[in-house]
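K.L.:
The structure file data.csv (CSV, C-alpha atoms) is provided below.
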chain,number,residue,atom,x,y,z
A,1,MET,CA,141.2,78.1,81.1
A,2,MET,CA,138.7,77.6,83.9
A,3,THR,CA,135.0,77.2,83.1
A,4,PRO,CA,132.8,79.9,84.7
A,5,ILE,CA,130.1,78.7,87.1
A,6,ALA,CA,126.6,79.2,85.7
A,7,ARG,CA,123.1,77.9,86.1
A,8,PHE,CA,120.1,78.1,83.9
A,9,SER,CA,116.5,78.6,85.1
A,10,GLU,CA,113.2,79.5,83.4
A,11,GLY,CA,112.0,83.1,83.5
A,12,LEU,CA,113.8,86.4,84.0
A,13,HIS,CA,115.7,86.9,87.3
A,14,PHE,CA,117.0,90.5,87.3
A,15,HIS,CA,115.8,91.6,90.6
A,16,SER,CA,116.7,90.6,94.2
A,17,TYR,CA,116.1,92.7,97.2
A,18,GLN,CA,117.1,92.4,100.8
A,19,HIS,CA,113.9,93.5,102.5
A,20,TYR,CA,111.2,92.6,99.9
A,21,ARG,CA,110.1,89.6,97.9
A,22,THR,CA,108.9,90.2,94.3
A,23,GLY,CA,105.6,89.0,93.0
A,24,THR,CA,103.1,89.6,90.2
A,25,LEU,CA,99.4,90.0,90.5
A,26,THR,CA,97.7,89.3,87.2
A,27,VAL,CA,94.2,90.5,86.9
A,28,GLU,CA,91.7,89.6,84.2
A,29,SER,CA,89.5,92.6,84.6
A,30,VAL,CA,85.7,92.6,84.0
A,31,VAL,CA,85.3,96.4,84.0
A,32,LEU,CA,88.1,96.9,81.4
A,33,LYS,CA,86.7,94.4,78.9
A,34,GLY,CA,85.5,96.1,75.7
A,35,ASN,CA,87.1,99.4,76.7
A,36,PRO,CA,86.8,102.1,74.0
A,37,LEU,CA,90.5,102.1,73.1
A,38,GLN,CA,90.6,98.2,72.9
A,39,ASP,CA,93.4,98.2,75.4
A,40,PRO,CA,94.2,94.9,77.2
A,41,ALA,CA,91.8,93.8,79.9
A,42,THR,CA,94.3,91.5,81.5
A,43,ARG,CA,97.1,93.4,83.4
A,44,ALA,CA,100.1,92.2,85.3
A,45,HIS,CA,101.0,94.3,88.3
A,46,PRO,CA,104.5,93.8,89.8
A,47,MET,CA,104.7,93.8,93.6
A,48,LEU,CA,107.1,94.0,96.5
A,49,LEU,CA,106.2,92.1,99.6
A,50,PRO,CA,108.0,92.3,103.0
A,51,ARG,CA,110.3,89.5,104.1
A,52,THR,CA,109.3,90.1,107.7
A,53,SER,CA,106.3,88.6,109.5
A,54,PRO,CA,103.1,90.6,109.4
A,55,PRO,CA,102.6,93.2,112.1
A,56,GLN,CA,99.6,93.3,114.3
A,57,GLY,CA,96.7,94.4,112.1
A,58,GLY,CA,98.3,93.1,109.0
A,59,TYR,CA,100.6,94.4,106.3
A,60,PRO,CA,100.0,98.0,105.2
A,61,VAL,CA,99.4,98.3,101.4
A,62,VAL,CA,100.7,101.0,99.0
A,63,PHE,CA,99.3,101.4,95.5
A,64,VAL,CA,102.0,103.2,93.4
A,65,LEU,CA,100.5,105.1,90.4
A,66,SER,CA,102.7,106.3,87.5
A,67,GLY,CA,102.7,109.6,85.7
A,68,PHE,CA,101.6,110.2,82.2
A,69,THR,CA,103.2,107.8,79.7
A,70,GLY,CA,104.7,105.9,82.6
A,71,ASN,CA,103.4,102.6,84.0
A,72,GLY,CA,103.8,100.4,87.0
A,73,PRO,CA,105.8,97.6,85.4
A,74,ASN,CA,108.3,100.2,84.1
A,75,ALA,CA,109.4,100.9,87.6
A,76,PHE,CA,111.4,97.7,87.5
A,77,ASN,CA,113.4,98.6,84.4
A,78,LEU,CA,117.2,98.4,85.0
A,79,LYS,CA,118.9,101.8,84.6
A,80,THR,CA,122.4,102.9,83.8
A,81,PHE,CA,124.1,105.2,86.4
A,82,GLU,CA,120.8,105.3,88.3
A,83,THR,CA,119.0,103.2,90.9
A,84,ASN,CA,115.5,102.2,89.9
A,85,LEU,CA,112.5,102.8,92.1
A,86,PRO,CA,112.2,99.3,93.8
A,87,ALA,CA,116.0,99.2,94.5
A,88,THR,CA,115.7,102.7,96.0
A,89,LEU,CA,112.8,101.6,98.2
A,90,ASP,CA,114.8,98.6,99.4
A,91,ALA,CA,117.7,100.9,100.3
A,92,CYS,CA,115.4,103.2,102.2
A,93,ARG,CA,114.0,100.2,104.1
A,94,ALA,CA,117.5,99.2,105.1
A,95,ARG,CA,117.9,102.6,106.8
A,96,GLY,CA,114.5,102.3,108.5
A,97,GLU,CA,113.0,104.9,106.2
A,98,ALA,CA,110.4,102.8,104.4
A,99,PRO,CA,107.6,100.7,105.8
A,100,ASP,CA,107.3,96.9,105.8
A,101,ALA,CA,104.3,97.2,103.5
A,102,VAL,CA,103.0,95.5,100.3
A,103,PHE,CA,103.7,97.7,97.3
A,104,ILE,CA,101.7,97.2,94.1
A,105,PHE,CA,102.8,99.0,91.0
A,106,VAL,CA,99.6,99.6,89.0
A,107,ASP,CA,99.3,99.0,85.3
A,108,ALA,CA,96.7,101.5,84.1
A,109,MET,CA,98.2,102.4,80.7
A,110,THR,CA,96.1,103.3,77.7
A,111,ALA,CA,96.9,103.6,74.0
A,112,TRP,CA,97.2,107.4,74.5
A,113,GLY,CA,99.6,107.2,77.4
A,114,GLY,CA,97.4,107.3,80.5
A,115,SER,CA,94.0,106.9,82.1
A,116,GLN,CA,94.2,109.4,84.9
A,117,PHE,CA,92.7,106.6,86.9
A,118,VAL,CA,89.2,107.8,86.2
A,119,ASN,CA,86.1,106.2,84.7
A,120,SER,CA,85.6,107.7,81.2
A,121,GLU,CA,83.6,106.8,78.1
A,122,GLY,CA,86.7,107.8,76.2
A,123,THR,CA,89.2,105.4,77.8
A,124,GLY,CA,87.5,102.9,80.1
A,125,ARG,CA,86.6,102.3,83.7
A,126,TYR,CA,90.0,102.6,85.3
A,127,GLU,CA,88.7,104.1,88.6
A,128,ASP,CA,86.6,101.0,89.2
A,129,TYR,CA,89.5,98.8,88.2
A,130,VAL,CA,92.0,100.4,90.6
A,131,ALA,CA,89.6,101.2,93.5
A,132,HIS,CA,87.5,98.0,93.4
A,133,GLU,CA,88.8,95.2,91.3
A,134,ILE,CA,92.5,95.3,92.3
A,135,PRO,CA,91.8,95.6,96.0
A,136,THR,CA,89.3,92.7,95.9
A,137,VAL,CA,91.7,90.3,94.1
A,138,LEU,CA,94.7,91.5,96.1
A,139,ARG,CA,92.9,90.5,99.4
A,140,GLN,CA,92.0,87.1,97.8
A,141,ASN,CA,95.6,86.4,96.8
A,142,VAL,CA,97.8,87.9,99.5
A,143,ALA,CA,97.4,86.9,103.1
A,144,ASP,CA,97.6,89.1,106.2
A,145,LEU,CA,96.8,92.5,104.7
A,146,ALA,CA,95.6,95.3,106.9
A,147,THR,CA,91.9,95.9,107.0
A,148,ASP,CA,92.1,99.5,108.3
A,149,PRO,CA,91.8,101.8,105.3
A,150,ALA,CA,94.2,104.2,107.1
A,151,ARG,CA,96.9,101.6,106.4
A,152,TRP,CA,96.1,101.5,102.7
A,153,CYS,CA,97.9,104.3,100.8
A,154,VAL,CA,97.6,105.4,97.2
A,155,MET,CA,100.6,107.5,96.0
A,156,GLY,CA,102.0,108.9,92.8
A,157,GLY,CA,103.6,111.9,91.1
A,158,SER,CA,102.2,114.1,88.3
A,159,SER,CA,99.3,112.2,86.7
A,160,GLY,CA,99.9,109.5,89.4
A,161,GLY,CA,99.6,112.3,92.0
A,162,TYR,CA,96.3,113.3,90.3
A,163,GLY,CA,95.2,109.7,90.5
A,164,ALA,CA,96.1,109.5,94.2
A,165,LEU,CA,94.0,112.6,95.0
A,166,HIS,CA,91.1,111.4,92.9
A,167,LEU,CA,91.0,107.8,94.2
A,168,ALA,CA,91.5,108.7,97.8
A,169,SER,CA,88.9,111.4,97.9
A,170,ALA,CA,86.4,109.3,96.0
A,171,HIS,CA,87.1,106.1,97.9
A,172,PRO,CA,88.2,106.9,101.5
A,173,HIS,CA,86.9,103.5,102.7
A,174,THR,CA,89.6,101.9,100.5
A,175,PHE,CA,92.4,104.4,100.6
A,176,SER,CA,92.4,106.6,103.7
A,177,THR,CA,96.0,107.6,103.3
A,178,CYS,CA,97.0,109.7,100.2
A,179,ALA,CA,100.4,110.9,99.0
A,180,ALA,CA,100.6,113.2,95.9
A,181,ILE,CA,103.7,114.7,94.4
A,182,ALA,CA,103.2,117.6,91.9
A,183,PRO,CA,99.7,116.4,91.1
A,184,ASP,CA,98.0,117.6,87.9
A,185,SER,CA,95.9,120.6,88.9
A,186,PHE,CA,95.1,124.2,88.2
A,187,PHE,CA,94.1,123.3,84.7
A,188,GLU,CA,94.2,127.0,83.5
A,189,ALA,CA,97.9,127.0,83.9
A,190,SER,CA,98.9,123.4,83.4
A,191,LEU,CA,96.5,122.0,80.8
A,192,LEU,CA,95.1,124.8,78.7
A,193,PRO,CA,98.6,125.6,77.2
A,194,GLU,CA,98.8,122.0,76.1
A,195,VAL,CA,95.5,122.3,74.3
A,196,TRP,CA,96.5,125.5,72.6
A,197,THR,CA,99.7,123.8,71.4
A,198,ALA,CA,97.9,120.7,70.3
A,199,LEU,CA,95.0,122.1,68.2
A,200,PRO,CA,97.1,123.5,65.3
A,201,VAL,CA,99.0,120.2,65.0
A,202,LEU,CA,95.7,118.2,65.1
A,203,HIS,CA,94.3,120.4,62.4
A,204,LYS,CA,97.4,119.9,60.2
A,205,VAL,CA,97.6,116.1,60.5
A,206,GLY,CA,93.8,115.3,60.3
A,207,GLY,CA,92.7,115.2,63.9
A,208,ILE,CA,93.1,112.4,66.4
A,209,ARG,CA,92.9,109.8,63.7
A,210,GLY,CA,95.7,111.5,61.9
A,211,VAL,CA,97.9,111.4,65.0
A,212,ARG,CA,97.2,107.7,65.5
A,213,ASP,CA,98.2,107.1,61.9
A,214,GLU,CA,101.5,109.0,62.3
A,215,ILE,CA,102.3,107.1,65.5
A,216,LYS,CA,101.8,103.8,63.6
A,217,GLN,CA,104.1,105.0,60.9
A,218,GLY,CA,106.8,106.0,63.5
A,219,ARG,CA,106.7,109.6,62.5
A,220,PHE,CA,104.7,111.4,65.2
A,221,MET,CA,107.0,111.2,68.2
A,222,LYS,CA,109.7,113.0,66.2
A,223,ARG,CA,107.6,116.2,66.4
A,224,ARG,CA,108.7,118.8,68.9
A,225,GLU,CA,105.1,119.1,70.1
A,226,ALA,CA,104.4,115.4,70.4
A,227,HIS,CA,104.2,115.2,74.2
A,228,SER,CA,101.8,118.2,74.4
A,229,VAL,CA,99.6,116.8,71.7
A,230,LEU,CA,99.4,113.3,73.3
A,231,ASN,CA,98.8,114.9,76.7
A,232,ALA,CA,95.9,117.0,75.4
A,233,ILE,CA,94.3,114.0,73.6
A,234,ALA,CA,94.7,111.7,76.6
A,235,MET,CA,93.3,114.3,79.0
A,236,GLY,CA,90.5,115.2,76.7
A,237,LEU,CA,89.5,111.5,76.4
A,238,CYS,CA,89.5,111.3,80.2
A,239,TYR,CA,87.7,114.6,81.0
A,240,ALA,CA,85.5,115.4,78.0
A,241,PRO,CA,85.1,112.6,75.6
A,242,LYS,CA,82.6,112.8,72.7
A,243,GLY,CA,82.1,109.7,70.6
A,244,ASP,CA,85.6,108.6,69.7
A,245,GLY,CA,86.9,112.2,70.0
A,246,VAL,CA,87.2,115.1,72.4
A,247,GLU,CA,85.1,118.2,73.2
A,248,TRP,CA,87.9,120.8,73.1
A,249,PRO,CA,87.5,123.6,75.6
A,250,VAL,CA,88.7,126.4,73.2
A,251,SER,CA,87.7,127.5,69.8
A,252,GLU,CA,90.0,125.9,67.1
A,253,VAL,CA,89.8,129.2,65.2
A,254,THR,CA,90.1,132.0,67.8
A,255,GLY,CA,91.5,130.0,70.8
A,256,GLN,CA,88.8,131.5,73.0
A,257,LEU,CA,87.4,129.5,75.9
A,258,ARG,CA,84.1,127.6,75.3
A,259,THR,CA,82.8,128.2,78.8
A,260,GLU,CA,80.3,125.3,79.0
A,261,ILE,CA,82.8,122.8,77.7
A,262,TRP,CA,85.6,124.2,79.9
A,263,GLN,CA,83.5,123.6,82.9
A,264,LYS,CA,83.4,119.9,82.1
A,265,TRP,CA,87.2,119.8,82.1
A,266,LYS,CA,87.4,122.0,85.2
A,267,ALA,CA,85.2,119.6,87.2
A,268,HIS,CA,88.0,117.2,87.0
A,269,ASP,CA,90.6,119.6,88.5
A,270,PRO,CA,91.5,118.5,92.1
A,271,ILE,CA,91.0,122.1,93.3
A,272,GLU,CA,87.4,121.7,92.2
A,273,PHE,CA,86.6,118.0,93.1
A,274,LEU,CA,88.2,118.1,96.5
A,275,ARG,CA,85.9,121.0,97.5
A,276,ALA,CA,82.9,119.1,96.0
A,277,ARG,CA,83.8,115.9,98.0
A,278,GLU,CA,84.0,117.6,101.4
A,279,ASP,CA,82.3,114.7,103.2
A,280,GLN,CA,84.7,112.1,101.7
A,281,VAL,CA,87.8,114.2,102.1
A,282,GLU,CA,87.0,114.7,105.8
A,283,GLN,CA,87.1,110.9,106.2
A,284,LEU,CA,90.7,110.7,105.0
A,285,LYS,CA,93.2,109.9,107.8
A,286,TYR,CA,96.5,111.2,106.4
A,287,PHE,CA,97.5,113.4,103.5
A,288,PHE,CA,101.0,114.1,102.0
A,289,LEU,CA,101.4,116.9,99.4
A,290,ASP,CA,104.6,118.0,97.8
A,291,CYS,CA,105.7,120.0,94.8
A,292,GLY,CA,108.8,121.7,93.3
A,293,ASN,CA,108.7,125.5,93.4
A,294,ARG,CA,109.8,125.8,89.8
A,295,ASP,CA,107.4,123.3,88.2
A,296,GLN,CA,107.4,123.7,84.4
A,297,TYR,CA,103.6,123.0,84.3
A,298,HIS,CA,103.0,125.6,87.1
A,299,LEU,CA,101.8,122.8,89.4
A,300,HIS,CA,103.2,124.6,92.4
A,301,TYR,CA,100.4,127.1,92.1
A,302,GLY,CA,98.0,124.2,92.0
A,303,ALA,CA,99.5,122.5,95.0
A,304,ARG,CA,99.2,125.7,97.0
A,305,GLN,CA,95.6,126.0,96.1
A,306,ILE,CA,95.0,122.3,97.0
A,307,ARG,CA,96.8,122.9,100.3
A,308,SER,CA,94.3,125.8,101.1
A,309,VAL,CA,91.3,123.5,100.3
A,310,LEU,CA,92.6,120.7,102.5
A,311,GLU,CA,93.4,123.0,105.4
A,312,ASP,CA,90.0,124.5,105.2
A,313,LEU,CA,88.6,121.0,105.5
A,314,GLY,CA,90.7,120.2,108.5
A,315,VAL,CA,92.7,117.4,107.0
A,316,ASP,CA,95.9,116.0,108.7
A,317,LEU,CA,98.2,117.4,106.0
A,318,ALA,CA,102.0,117.1,105.6
A,319,TYR,CA,102.8,119.8,103.0
A,320,SER,CA,106.2,120.6,101.6
A,321,GLU,CA,107.8,122.4,98.6
A,322,PHE,CA,111.3,121.8,97.3
A,323,ASP,CA,113.7,123.8,95.2
A,324,GLY,CA,113.3,122.0,91.9
A,325,ASN,CA,111.1,121.2,89.0
A,326,HIS,CA,108.7,118.7,87.6
A,327,PHE,CA,111.4,116.3,86.5
A,328,ASP,CA,112.7,116.0,90.1
A,329,ILE,CA,109.7,114.0,91.2
A,330,GLY,CA,111.5,110.7,91.5
A,331,GLU,CA,113.8,112.1,94.1
A,332,ARG,CA,110.8,112.9,96.3
A,333,ARG,CA,109.3,109.5,96.7
A,334,PRO,CA,111.7,108.5,99.6
A,335,LEU,CA,110.1,111.3,101.6
A,336,VAL,CA,106.7,109.6,101.1
A,337,TRP,CA,108.1,106.3,102.3
A,338,LYS,CA,109.7,107.9,105.4
A,339,TRP,CA,106.4,109.7,106.1
A,340,LEU,CA,104.5,106.4,105.8
A,341,SER,CA,107.0,104.7,108.2
A,342,ARG,CA,106.3,107.4,110.8
A,343,ILE,CA,102.6,107.6,110.6
A,344,TRP,CA,102.1,103.8,110.6
A,345,ARG,CA,104.3,103.4,113.7
A,346,MET,CA,102.0,105.8,115.6
In structure tokens, how does this file's structure come out?

P.N.:
Amino acid sequence: MMTPIARFSEGLHFHSYQHYRTGTLTVESVVLKGNPLQDPATRAHPMLLPRTSPPQGGYPVVFVLSGFTGNGPNAFNLKTFETNLPATLDACRARGEAPDAVFIFVDAMTAWGGSQFVNSEGTGRYEDYVAHEIPTVLRQNVADLATDPARWCVMGGSSGGYGALHLASAHPHTFSTCAAIAPDSFFEASLLPEVWTALPVLHKVGGIRGVRDEIKQGRFMKRREAHSVLNAIAMGLCYAPKGDGVEWPVSEVTGQLRTEIWQKWKAHDPIEFLRAREDQVEQLKYFFLDCGNRDQYHLHYGARQIRSVLEDLGVDLAYSEFDGNHFDIGERRPLVWKWLSRIWRM
């Protein structure tokens, strides 16, 4: 019997791509130290870097943001009967439908499933982390990056799409190109139903602390309403934190809106903050917005309203809708990469 050929090396070597090298940017954050949820301040961000020489002006940069309960490093998970995101990106590049750019897959996870990439007293300073700290250390550690903010893109779907809209509109001098797929928006239709679903469960289990205890015991995620409850808690801690809890925008007894508190939540809706940031939005160079026309969270209505706001502001907008739902987002990312290839060749 012949002996198989093998070799041993330290580390994990599951990934190899034709057009990109892999790398990891580990950041010991200052702004995340002592965050309210005691989440790690040191984060490792996987990266894909082109194998080609840098173009004139340097490599474009793409920040990839994940949806709620997702995270950047998870994109590299191996899948059965399915190609993961980096492998799909490499295949798109082979067809000339993805740019020779540096892709960084951001870790902005929290104990409740997501940060929305905002600064919050309930979760931590994730906006400062992604918009300031990561770009600073990225430039220090990776050579030949583009200096033109139009060649720095922030992209994502769902909560990641929300983060893309938020970070680009708040920091156009860092990210002047934005791509959002089915971004969280139109909170009346997408978020309020989650709150109404969550409040009876919170009352039954003893509030946020009770949910945390059930999670530790391995019981909570078996609940049918688990995702809605986690979503409501995480969004509340991002948008309307109060101490170590949340200011809920509806009465826990009658379910009626508490108008003043609801306005705090609504101020974080992209439909609202894009209007409020008119000067910054007008500085953005390129915008991509996409959504399924049967989104379970009714985000197609939000996308259409965002489109109206952006068109009123005269933004260079590529808008599309597809025949599908919220769980088809992954299939839409290649359209973003193809769009980036086109605009960065201009």

K.L.:
Would you work out the distance separating CA of Ser176 (chain A) from CA of Ile343 (chain A), expressed in Å to one decimal?

P.N.:
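Spanning CA of Ser176 (chain A) to CA of Ile343 (chain A) is a straight-line distance of 12.4 Å.
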
K.L.:
Please determine, counting only C-alpha atoms, which residue among A:Ile181, A:Ala232, A:Ile208, A:Leu165 has the shortest atom-to-atom distance to Trp196 (chain A).

P.N.:
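Counting only C-alpha atoms, the residue closest to Trp196 (chain A) is A:Ala232.
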
K.L.:
Could you tell me how far CA of Val336 (chain A) sits from CA of Glu188 (chain A), in Å to one decimal place?

P.N.:
27.7 Å

K.L.:
From the list A:Gly243, A:Pro334, A:Gly114, A:Gly57, which residue is nearest Leu85 (chain A) when using all atoms listed in the file?

P.N.:
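Closest candidate: A:Pro334.
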
K.L.:
What separation in Å, quoted to one decimal, exists between CA of Leu340 (chain A) and CA of Tyr162 (chain A)?

P.N.:
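Computing the Euclidean distance for CA of Leu340 (chain A) and CA of Tyr162 (chain A) yields 18.8 Å.
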
K.L.:
Need to verify the contact set: region 9-24 of chain A, 6 Å, all atoms listed in the file, exclusion of same-chain residues closer than 6 positions in sequence. Can you return it as a list in words?

P.N.:
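Those residues are His45, Pro46, Met47, Leu48, Leu49, Pro50 and Arg51 of chain A.
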
K.L.:
Would you give me, as CSV, each residue of region 252-333 of chain A having an atom within 12 Å of an atom of region 73-84 of chain A, along with its shortest atom pair and that distance in Å to one decimal, using only C-alpha atoms and sorting by chain and residue number?

P.N.:
residue,atom,partner,partner_atom,distance
A:Gly330,CA,A:Asn84,CA,9.5
A:Glu331,CA,A:Thr83,CA,10.8
A:Arg333,CA,A:Asn84,CA,11.7

K.L.:
Can you spit out the residues from that selection as a PDB file, keeping the file's coordinate frame, using C-alpha atoms?

P.N.:
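What landed in out_5.pdb:
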ATOM      1  CA  GLY A 330     111.500 110.700  91.500  1.00  0.00           C
ATOM      2  CA  GLU A 331     113.800 112.100  94.100  1.00  0.00           C
ATOM      3  CA  ARG A 333     109.300 109.500  96.700  1.00  0.00           C
TER       4      ARG A 333
END

K.L.:
Mind listing whatever residues come within 12 Å of the point (95.4, 117.5, 63.9)? Use all atoms listed in the file, file coordinates, and give them as a list of chain:residue names.

P.N.:
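Returned residue set, sorted by chain then number, is A:Val195, A:Trp196, A:Thr197, A:Ala198, A:Leu199, A:Pro200, A:Val201, A:Leu202, A:His203, A:Lys204, A:Val205, A:Gly206, A:Gly207, A:Ile208, A:Arg209, A:Gly210, A:Val211, A:Arg212, A:Asp213, A:Glu214, A:Phe220, A:Glu225, A:Ala226, A:Val229, A:Leu230, A:Ala232, A:Ile233, A:Gly245, A:Glu252.
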
K.L.:
Hey, what's within 10 Å of Lys264 (chain A) if we count all atoms listed in the file and toss same-chain stuff fewer than 6 positions away? As a list in words, please?

P.N.:
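Everything that qualifies: Tyr239, Ala240, Pro241, Glu247 and Pro249 of chain A.
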
K.L.:
From the list A:His268, A:Arg219, A:Arg275, A:Arg294, which residue is nearest Ile329 (chain A) when using only C-alpha atoms?

P.N.:
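Answer, going by the shortest atom-to-atom distance: A:Arg294.
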
K.L.:
Identify, on the basis of only C-alpha atoms, every residue whose closest approach to Gly161 (chain A) does not exceed 8 Å; exclude the query and any residue fewer than 6 positions from it along the same chain; express the result as a list in words.

P.N.:
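Skipping anything fewer than 6 positions along the chain leaves Leu65, Gly67, Met155, Ala179, Ala180, Ile181, Ala182, Pro183 and Asp184 of chain A.
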
K.L.:
Taking all atoms listed in the file into account, name the residue in A:Ala303, A:Ala111, A:Val250, A:Ala94 that is nearest to Ser190 (chain A).

P.N.:
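So, comparing all the options, the nearest one is A:Ala303.
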
K.L.:
With distances taken over only C-alpha atoms, which of A:Pro40, A:Pro193, A:Gly160, A:Gly302 is nearest to Val118 (chain A)?

P.N.:
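Ranked by minimum distance to Val118 (chain A), first place goes to A:Gly160.
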
K.L.:
Can you rebuild region 89-108 of chain A with N, CA and C atoms and give it as an mmCIF file, in the frame of the given file?

P.N.:
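Okay, rebuild.cif is ready:
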data_model
loop_
_atom_site.group_PDB
_atom_site.id
_atom_site.type_symbol
_atom_site.label_atom_id
_atom_site.label_comp_id
_atom_site.auth_asym_id
_atom_site.auth_seq_id
_atom_site.Cartn_x
_atom_site.Cartn_y
_atom_site.Cartn_z
ATOM 1 N N LEU A 89 113.702 101.932 97.040
ATOM 2 C CA LEU A 89 112.800 101.600 98.200
ATOM 3 C C LEU A 89 113.475 100.615 99.107
ATOM 4 N N ASP A 90 114.120 99.600 98.566
ATOM 5 C CA ASP A 90 114.800 98.600 99.400
ATOM 6 C C ASP A 90 115.918 99.257 100.216
ATOM 7 N N ALA A 91 116.659 100.168 99.603
ATOM 8 C CA ALA A 91 117.700 100.900 100.300
ATOM 9 C C ALA A 91 117.155 101.746 101.433
ATOM 10 N N CYS A 92 116.023 102.373 101.167
ATOM 11 C CA CYS A 92 115.400 103.200 102.200
ATOM 12 C C CYS A 92 114.925 102.299 103.366
ATOM 13 N N ARG A 93 114.405 101.131 103.035
ATOM 14 C CA ARG A 93 114.000 100.200 104.100
ATOM 15 C C ARG A 93 115.165 99.784 104.948
ATOM 16 N N ALA A 94 116.321 99.591 104.339
ATOM 17 C CA ALA A 94 117.500 99.200 105.100
ATOM 18 C C ALA A 94 117.897 100.257 106.117
ATOM 19 N N ARG A 95 117.576 101.517 105.843
ATOM 20 C CA ARG A 95 117.900 102.600 106.800
ATOM 21 C C ARG A 95 116.706 102.868 107.729
ATOM 22 N N GLY A 96 115.652 102.058 107.648
ATOM 23 C CA GLY A 96 114.500 102.300 108.500
ATOM 24 C C GLY A 96 113.623 103.426 108.014
ATOM 25 N N GLU A 97 113.729 103.780 106.720
ATOM 26 C CA GLU A 97 113.000 104.900 106.200
ATOM 27 C C GLU A 97 111.971 104.528 105.134
ATOM 28 N N ALA A 98 111.521 103.296 105.214
ATOM 29 C CA ALA A 98 110.400 102.800 104.400
ATOM 30 C C ALA A 98 109.696 101.733 105.169
ATOM 31 N N PRO A 99 108.402 101.602 104.980
ATOM 32 C CA PRO A 99 107.600 100.700 105.800
ATOM 33 C C PRO A 99 107.716 99.231 105.301
ATOM 34 N N ASP A 100 107.484 98.301 106.195
ATOM 35 C CA ASP A 100 107.300 96.900 105.800
ATOM 36 C C ASP A 100 105.821 96.811 105.318
ATOM 37 N N ALA A 101 105.645 97.105 104.059
ATOM 38 C CA ALA A 101 104.300 97.200 103.500
ATOM 39 C C ALA A 101 104.330 96.395 102.141
ATOM 40 N N VAL A 102 103.144 96.051 101.675
ATOM 41 C CA VAL A 102 103.000 95.500 100.300
ATOM 42 C C VAL A 102 102.836 96.610 99.350
ATOM 43 N N PHE A 103 103.738 96.655 98.385
ATOM 44 C CA PHE A 103 103.700 97.700 97.300
ATOM 45 C C PHE A 103 103.246 97.059 96.041
ATOM 46 N N ILE A 104 102.219 97.635 95.437
ATOM 47 C CA ILE A 104 101.700 97.200 94.100
ATOM 48 C C ILE A 104 101.863 98.290 93.133
ATOM 49 N N PHE A 105 102.518 97.994 92.021
ATOM 50 C CA PHE A 105 102.800 99.000 91.000
ATOM 51 C C PHE A 105 101.781 98.818 89.878
ATOM 52 N N VAL A 106 100.860 99.751 89.807
ATOM 53 C CA VAL A 106 99.600 99.600 89.000
ATOM 54 C C VAL A 106 99.866 99.804 87.539
ATOM 55 N N ASP A 107 99.324 98.895 86.743
ATOM 56 C CA ASP A 107 99.300 99.000 85.300
ATOM 57 C C ASP A 107 97.921 99.609 84.914
ATOM 58 N N ALA A 108 97.895 100.888 84.560
ATOM 59 C CA ALA A 108 96.700 101.500 84.100
ATOM 60 C C ALA A 108 96.915 102.279 82.802
#
